[in-house]
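Everything below belongs to target14.pdb, which stores PDB, C-alpha atoms and all ligand atoms.
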ATOM      1  CA  MET Y 191      68.594  64.182 -29.049  1.00  0.00           C
ATOM      2  CA  ALA Y 192      68.070  66.626 -31.870  1.00  0.00           C
ATOM      3  CA  VAL Y 193      70.546  69.486 -31.741  1.00  0.00           C
ATOM      4  CA  PRO Y 194      70.154  72.850 -33.543  1.00  0.00           C
ATOM      5  CA  LYS Y 195      72.555  73.147 -36.486  1.00  0.00           C
ATOM      6  CA  ARG Y 196      73.751  76.607 -35.497  1.00  0.00           C
ATOM      7  CA  LYS Y 197      73.383  79.124 -32.761  1.00  0.00           C
ATOM      8  CA  VAL Y 198      70.439  81.477 -33.021  1.00  0.00           C
ATOM      9  CA  SER Y 199      71.910  84.977 -33.229  1.00  0.00           C
ATOM     10  CA  LYS Y 200      71.003  87.575 -30.641  1.00  0.00           C
ATOM     11  CA  ALA Y 201      69.235  89.591 -33.311  1.00  0.00           C
ATOM     12  CA  ARG Y 202      67.147  86.667 -34.452  1.00  0.00           C
ATOM     13  CA  ARG Y 203      66.333  85.644 -30.886  1.00  0.00           C
ATOM     14  CA  ASP Y 204      65.392  89.181 -29.852  1.00  0.00           C
ATOM     15  CA  LYS Y 205      63.301  89.716 -32.978  1.00  0.00           C
ATOM     16  CA  ARG Y 206      61.365  86.580 -32.103  1.00  0.00           C
ATOM     17  CA  ARG Y 207      60.833  87.711 -28.534  1.00  0.00           C
ATOM     18  CA  SER Y 208      59.819  91.217 -29.525  1.00  0.00           C
ATOM     19  CA  SER Y 209      56.597  89.936 -31.049  1.00  0.00           C
ATOM     20  CA  VAL Y 210      55.136  88.391 -27.930  1.00  0.00           C
ATOM     21  CA  TRP Y 211      53.864  91.510 -26.219  1.00  0.00           C
ATOM     22  CA  LYS Y 212      50.703  90.840 -24.309  1.00  0.00           C
ATOM     23  CA  LEU Y 213      48.548  93.807 -25.142  1.00  0.00           C
ATOM     24  CA  GLU Y 214      45.034  92.487 -24.827  1.00  0.00           C
ATOM     25  CA  ASN Y 215      43.127  92.504 -21.571  1.00  0.00           C
ATOM     26  CA  PRO Y 216      42.333  89.143 -20.105  1.00  0.00           C
ATOM     27  CA  GLY Y 217      38.775  88.034 -20.679  1.00  0.00           C
ATOM     28  CA  MET Y 218      36.594  89.415 -17.918  1.00  0.00           C
ATOM     29  CA  VAL Y 219      32.921  89.005 -17.188  1.00  0.00           C
ATOM     30  CA  GLU Y 220      30.564  90.999 -15.003  1.00  0.00           C
ATOM     31  CA  CYS Y 221      29.656  89.368 -11.710  1.00  0.00           C
ATOM     32  CA  PRO Y 222      25.890  88.812 -11.678  1.00  0.00           C
ATOM     33  CA  ASN Y 223      25.814  89.545  -7.942  1.00  0.00           C
ATOM     34  CA  CYS Y 224      27.891  92.690  -7.455  1.00  0.00           C
ATOM     35  CA  HIS Y 225      28.400  93.680 -11.122  1.00  0.00           C
ATOM     36  CA  GLU Y 226      32.142  93.909 -10.633  1.00  0.00           C
ATOM     37  CA  LEU Y 227      34.425  92.664 -13.406  1.00  0.00           C
ATOM     38  CA  THR Y 228      35.743  89.223 -12.561  1.00  0.00           C
ATOM     39  CA  ALA Y 229      37.530  86.334 -14.243  1.00  0.00           C
ATOM     40  CA  PRO Y 230      35.172  83.828 -15.858  1.00  0.00           C
ATOM     41  CA  HIS Y 231      34.737  80.417 -14.211  1.00  0.00           C
ATOM     42  CA  LYS Y 232      36.244  81.745 -10.971  1.00  0.00           C
ATOM     43  CA  VAL Y 233      34.746  82.750  -7.649  1.00  0.00           C
ATOM     44  CA  CYS Y 234      34.174  86.499  -7.668  1.00  0.00           C
ATOM     45  CA  SER Y 235      37.057  88.120  -5.783  1.00  0.00           C
ATOM     46  CA  ASN Y 236      34.833  91.003  -4.720  1.00  0.00           C
ATOM     47  CA  CYS Y 237      31.804  89.293  -3.196  1.00  0.00           C
ATOM     48  CA  GLY Y 238      32.779  85.608  -3.102  1.00  0.00           C
ATOM     49  CA  PHE Y 239      29.824  84.447  -5.143  1.00  0.00           C
ATOM     50  CA  TYR Y 240      29.968  81.720  -7.739  1.00  0.00           C
ATOM     51  CA  ASN Y 241      27.064  80.363  -9.748  1.00  0.00           C
ATOM     52  CA  GLY Y 242      24.587  82.428  -7.721  1.00  0.00           C
ATOM     53  CA  LYS Y 243      25.766  81.076  -4.381  1.00  0.00           C
ATOM     54  CA  GLU Y 244      28.032  82.558  -1.747  1.00  0.00           C
ATOM     55  CA  VAL Y 245      31.117  80.359  -1.731  1.00  0.00           C
ATOM     56  CA  LEU Y 246      33.680  82.488   0.066  1.00  0.00           C
ATOM     57  CA  LYS Y 247      33.163  84.579   3.179  1.00  0.00           C
ATOM     58  CA  ASP Y 248      36.092  86.602   4.555  1.00  0.00           C
ATOM     59  CA  GLY Y 249      38.422  84.493   2.438  1.00  0.00           C
ATOM     60  CA  LYS Y 250      37.118  81.250   3.902  1.00  0.00           C
ATOM     61  CA  LEU Y 251      34.603  78.739   2.624  1.00  0.00           C
ATOM     62  CA  ALA Y 252      31.138  79.990   3.498  1.00  0.00           C
ATOM     63  CA  LYS Y 253      29.861  76.484   4.073  1.00  0.00           C
ATOM     64  CA  GLU Y 254      31.862  73.303   4.421  1.00  0.00           C
ATOM     65  CA  PRO Y 255      30.980  70.921   1.624  1.00  0.00           C
ATOM     66  CA  ALA Y 256      29.004  67.948   2.894  1.00  0.00           C
ATOM     67  CA  LYS Y 257      31.431  65.071   2.963  1.00  0.00           C
ATOM     68  CA  LYS Y 258      30.504  61.451   3.176  1.00  0.00           C
ATOM     69  CA  VAL Y 259      32.877  59.803   5.629  1.00  0.00           C
ATOM     70  CA  ASP Y 260      32.864  56.067   5.753  1.00  0.00           C
ATOM     71  CA  ALA Y 261      34.137  53.996   8.636  1.00  0.00           C
ATOM     72  CA  LYS Y 262      37.634  53.579   7.209  1.00  0.00           C
ATOM     73  CA  ASP Y 263      38.201  57.302   6.859  1.00  0.00           C
ATOM     74  CA  LYS Y 264      36.826  57.943  10.331  1.00  0.00           C
ATOM     75  CA  LYS Y 265      39.380  55.593  11.799  1.00  0.00           C
ATOM     76  CA  ALA Y 266      42.157  57.320   9.930  1.00  0.00           C
ATOM     77  CA  GLU Y 267      40.974  60.705  11.174  1.00  0.00           C
ATOM     78  CA  THR Y 268      40.857  59.615  14.810  1.00  0.00           C
ATOM     79  CA  LYS Y 269      44.350  58.223  14.450  1.00  0.00           C
ATOM     80  CA  LYS Y 270      45.550  61.555  13.129  1.00  0.00           C
ATOM     81  CA  ASP Y 271      43.906  63.380  16.013  1.00  0.00           C
ATOM     82  CA  SER Y 272      45.601  61.215  18.641  1.00  0.00           C
ATOM     83  CA  GLU Y 273      49.054  61.949  17.257  1.00  0.00           C
TER
HETATM   84 ZN    ZN N   1      30.749  89.606  -7.231  1.00  0.00          ZN
END

Just give me the structure of the file as structure tokens.
Amino acid sequence: MAVPKRKVSKARRDKRRSSVWKLENPGMVECPNCHELTAPHKVCSNCGFYNGKEVLKDGKLAKEPAKKVDAKDKKAETKKDSE
């Protein structure tokens, strides 16, 4: 394993760390539904809309995604239920 030749002094270490202040705001976009600022590519935390559709309602999924369940999975689910 590569090993540093000498210890980095406190001054050098602290100088390095002093330059990583996060000053800029994170990128935010306006929600097309409620016009609240929200993170891009995320469900709006204010109204729960994403891509023009309501995804979240009271913190839960507004509509369960349609899942295709084949016979194998069904068996596994029934097994789980009986436990
Ligand atoms: Zn919104």

message: Could you list the protein, DNA and RNA residues that have any atom within 7 Å of ligand ZN 1 (chain N), counting only C-alpha atoms and all ligand atoms, and write them as a list in words?
response: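 Within the 7 Å cut-off, the matching residues are Cys221, Pro222, Asn223, Cys224, His225, Glu226, Cys234, Ser235, Asn236, Cys237, Gly238 and Phe239 of chain Y.
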
message: With distances taken over only C-alpha atoms, which residue among Y:Tyr240, Y:Val245, Y:Asp204, Y:Leu251 lies nearest Thr228 in chain Y?
response: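 Checking each candidate against Thr228 in chain Y, we get Y:Tyr240 as the closest.
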
message: If I take CA of Met218 in chain Y and CA of Pro230 in chain Y, how far is one from the other in Å, to one decimal?
response: 6.1 Å

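Reported to one decimal place, the separation of CA of His231 in chain Y from CA of Ala252 in chain Y is 18.1 Å.
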
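Our summary of the geometry notes that CA of Asn215 in chain Y is positioned 11.9 Å from CA of Leu227 in chain Y.
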
Missing atoms of range 195-213 of chain Y rebuilt to N, CA and C atoms, written as a PDB file, in the frame of the given file:
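Written file, selection.pdb:
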ATOM      1  N   LYS Y 195      71.359  73.158 -35.634  1.00  0.00           N
ATOM      2  CA  LYS Y 195      72.555  73.147 -36.486  1.00  0.00           C
ATOM      3  C   LYS Y 195      73.472  74.298 -36.152  1.00  0.00           C
ATOM      4  N   ARG Y 196      72.900  75.470 -35.877  1.00  0.00           N
ATOM      5  CA  ARG Y 196      73.751  76.607 -35.497  1.00  0.00           C
ATOM      6  C   ARG Y 196      73.059  77.473 -34.451  1.00  0.00           C
ATOM      7  N   LYS Y 197      73.877  78.255 -33.824  1.00  0.00           N
ATOM      8  CA  LYS Y 197      73.383  79.124 -32.761  1.00  0.00           C
ATOM      9  C   LYS Y 197      72.427  80.163 -33.345  1.00  0.00           C
ATOM     10  N   VAL Y 198      71.350  80.409 -32.621  1.00  0.00           N
ATOM     11  CA  VAL Y 198      70.439  81.477 -33.021  1.00  0.00           C
ATOM     12  C   VAL Y 198      71.067  82.789 -32.588  1.00  0.00           C
ATOM     13  N   SER Y 199      71.238  83.714 -33.543  1.00  0.00           N
ATOM     14  CA  SER Y 199      71.910  84.977 -33.229  1.00  0.00           C
ATOM     15  C   SER Y 199      71.064  85.800 -32.274  1.00  0.00           C
ATOM     16  N   LYS Y 200      71.734  86.716 -31.590  1.00  0.00           N
ATOM     17  CA  LYS Y 200      71.003  87.575 -30.641  1.00  0.00           C
ATOM     18  C   LYS Y 200      69.913  88.345 -31.368  1.00  0.00           C
ATOM     19  N   ALA Y 201      70.216  88.803 -32.570  1.00  0.00           N
ATOM     20  CA  ALA Y 201      69.235  89.591 -33.311  1.00  0.00           C
ATOM     21  C   ALA Y 201      68.004  88.746 -33.622  1.00  0.00           C
ATOM     22  N   ARG Y 202      68.264  87.526 -34.084  1.00  0.00           N
ATOM     23  CA  ARG Y 202      67.147  86.667 -34.452  1.00  0.00           C
ATOM     24  C   ARG Y 202      66.317  86.297 -33.219  1.00  0.00           C
ATOM     25  N   ARG Y 203      67.017  85.987 -32.131  1.00  0.00           N
ATOM     26  CA  ARG Y 203      66.333  85.644 -30.886  1.00  0.00           C
ATOM     27  C   ARG Y 203      65.489  86.831 -30.385  1.00  0.00           C
ATOM     28  N   ASP Y 204      66.092  88.024 -30.392  1.00  0.00           N
ATOM     29  CA  ASP Y 204      65.392  89.181 -29.852  1.00  0.00           C
ATOM     30  C   ASP Y 204      64.239  89.601 -30.747  1.00  0.00           C
ATOM     31  N   LYS Y 205      64.409  89.406 -32.073  1.00  0.00           N
ATOM     32  CA  LYS Y 205      63.301  89.716 -32.978  1.00  0.00           C
ATOM     33  C   LYS Y 205      62.112  88.817 -32.666  1.00  0.00           C
ATOM     34  N   ARG Y 206      62.437  87.533 -32.414  1.00  0.00           N
ATOM     35  CA  ARG Y 206      61.365  86.580 -32.103  1.00  0.00           C
ATOM     36  C   ARG Y 206      60.654  87.006 -30.815  1.00  0.00           C
ATOM     37  N   ARG Y 207      61.436  87.377 -29.822  1.00  0.00           N
ATOM     38  CA  ARG Y 207      60.833  87.711 -28.534  1.00  0.00           C
ATOM     39  C   ARG Y 207      60.087  89.038 -28.568  1.00  0.00           C
ATOM     40  N   SER Y 208      60.451  89.902 -29.495  1.00  0.00           N
ATOM     41  CA  SER Y 208      59.819  91.217 -29.525  1.00  0.00           C
ATOM     42  C   SER Y 208      58.361  91.131 -29.947  1.00  0.00           C
ATOM     43  N   SER Y 209      57.947  90.010 -30.493  1.00  0.00           N
ATOM     44  CA  SER Y 209      56.597  89.936 -31.049  1.00  0.00           C
ATOM     45  C   SER Y 209      55.607  89.318 -30.077  1.00  0.00           C
ATOM     46  N   VAL Y 210      56.055  89.048 -28.849  1.00  0.00           N
ATOM     47  CA  VAL Y 210      55.136  88.391 -27.930  1.00  0.00           C
ATOM     48  C   VAL Y 210      54.680  89.329 -26.816  1.00  0.00           C
ATOM     49  N   TRP Y 211      54.420  90.570 -27.178  1.00  0.00           N
ATOM     50  CA  TRP Y 211      53.864  91.510 -26.219  1.00  0.00           C
ATOM     51  C   TRP Y 211      52.434  91.124 -25.935  1.00  0.00           C
ATOM     52  N   LYS Y 212      52.088  91.150 -24.672  1.00  0.00           N
ATOM     53  CA  LYS Y 212      50.703  90.840 -24.309  1.00  0.00           C
ATOM     54  C   LYS Y 212      49.974  92.161 -24.161  1.00  0.00           C
ATOM     55  N   LEU Y 213      49.199  92.503 -25.152  1.00  0.00           N
ATOM     56  CA  LEU Y 213      48.548  93.807 -25.142  1.00  0.00           C
ATOM     57  C   LEU Y 213      47.075  93.715 -24.778  1.00  0.00           C
TER      58      LEU Y 213
END
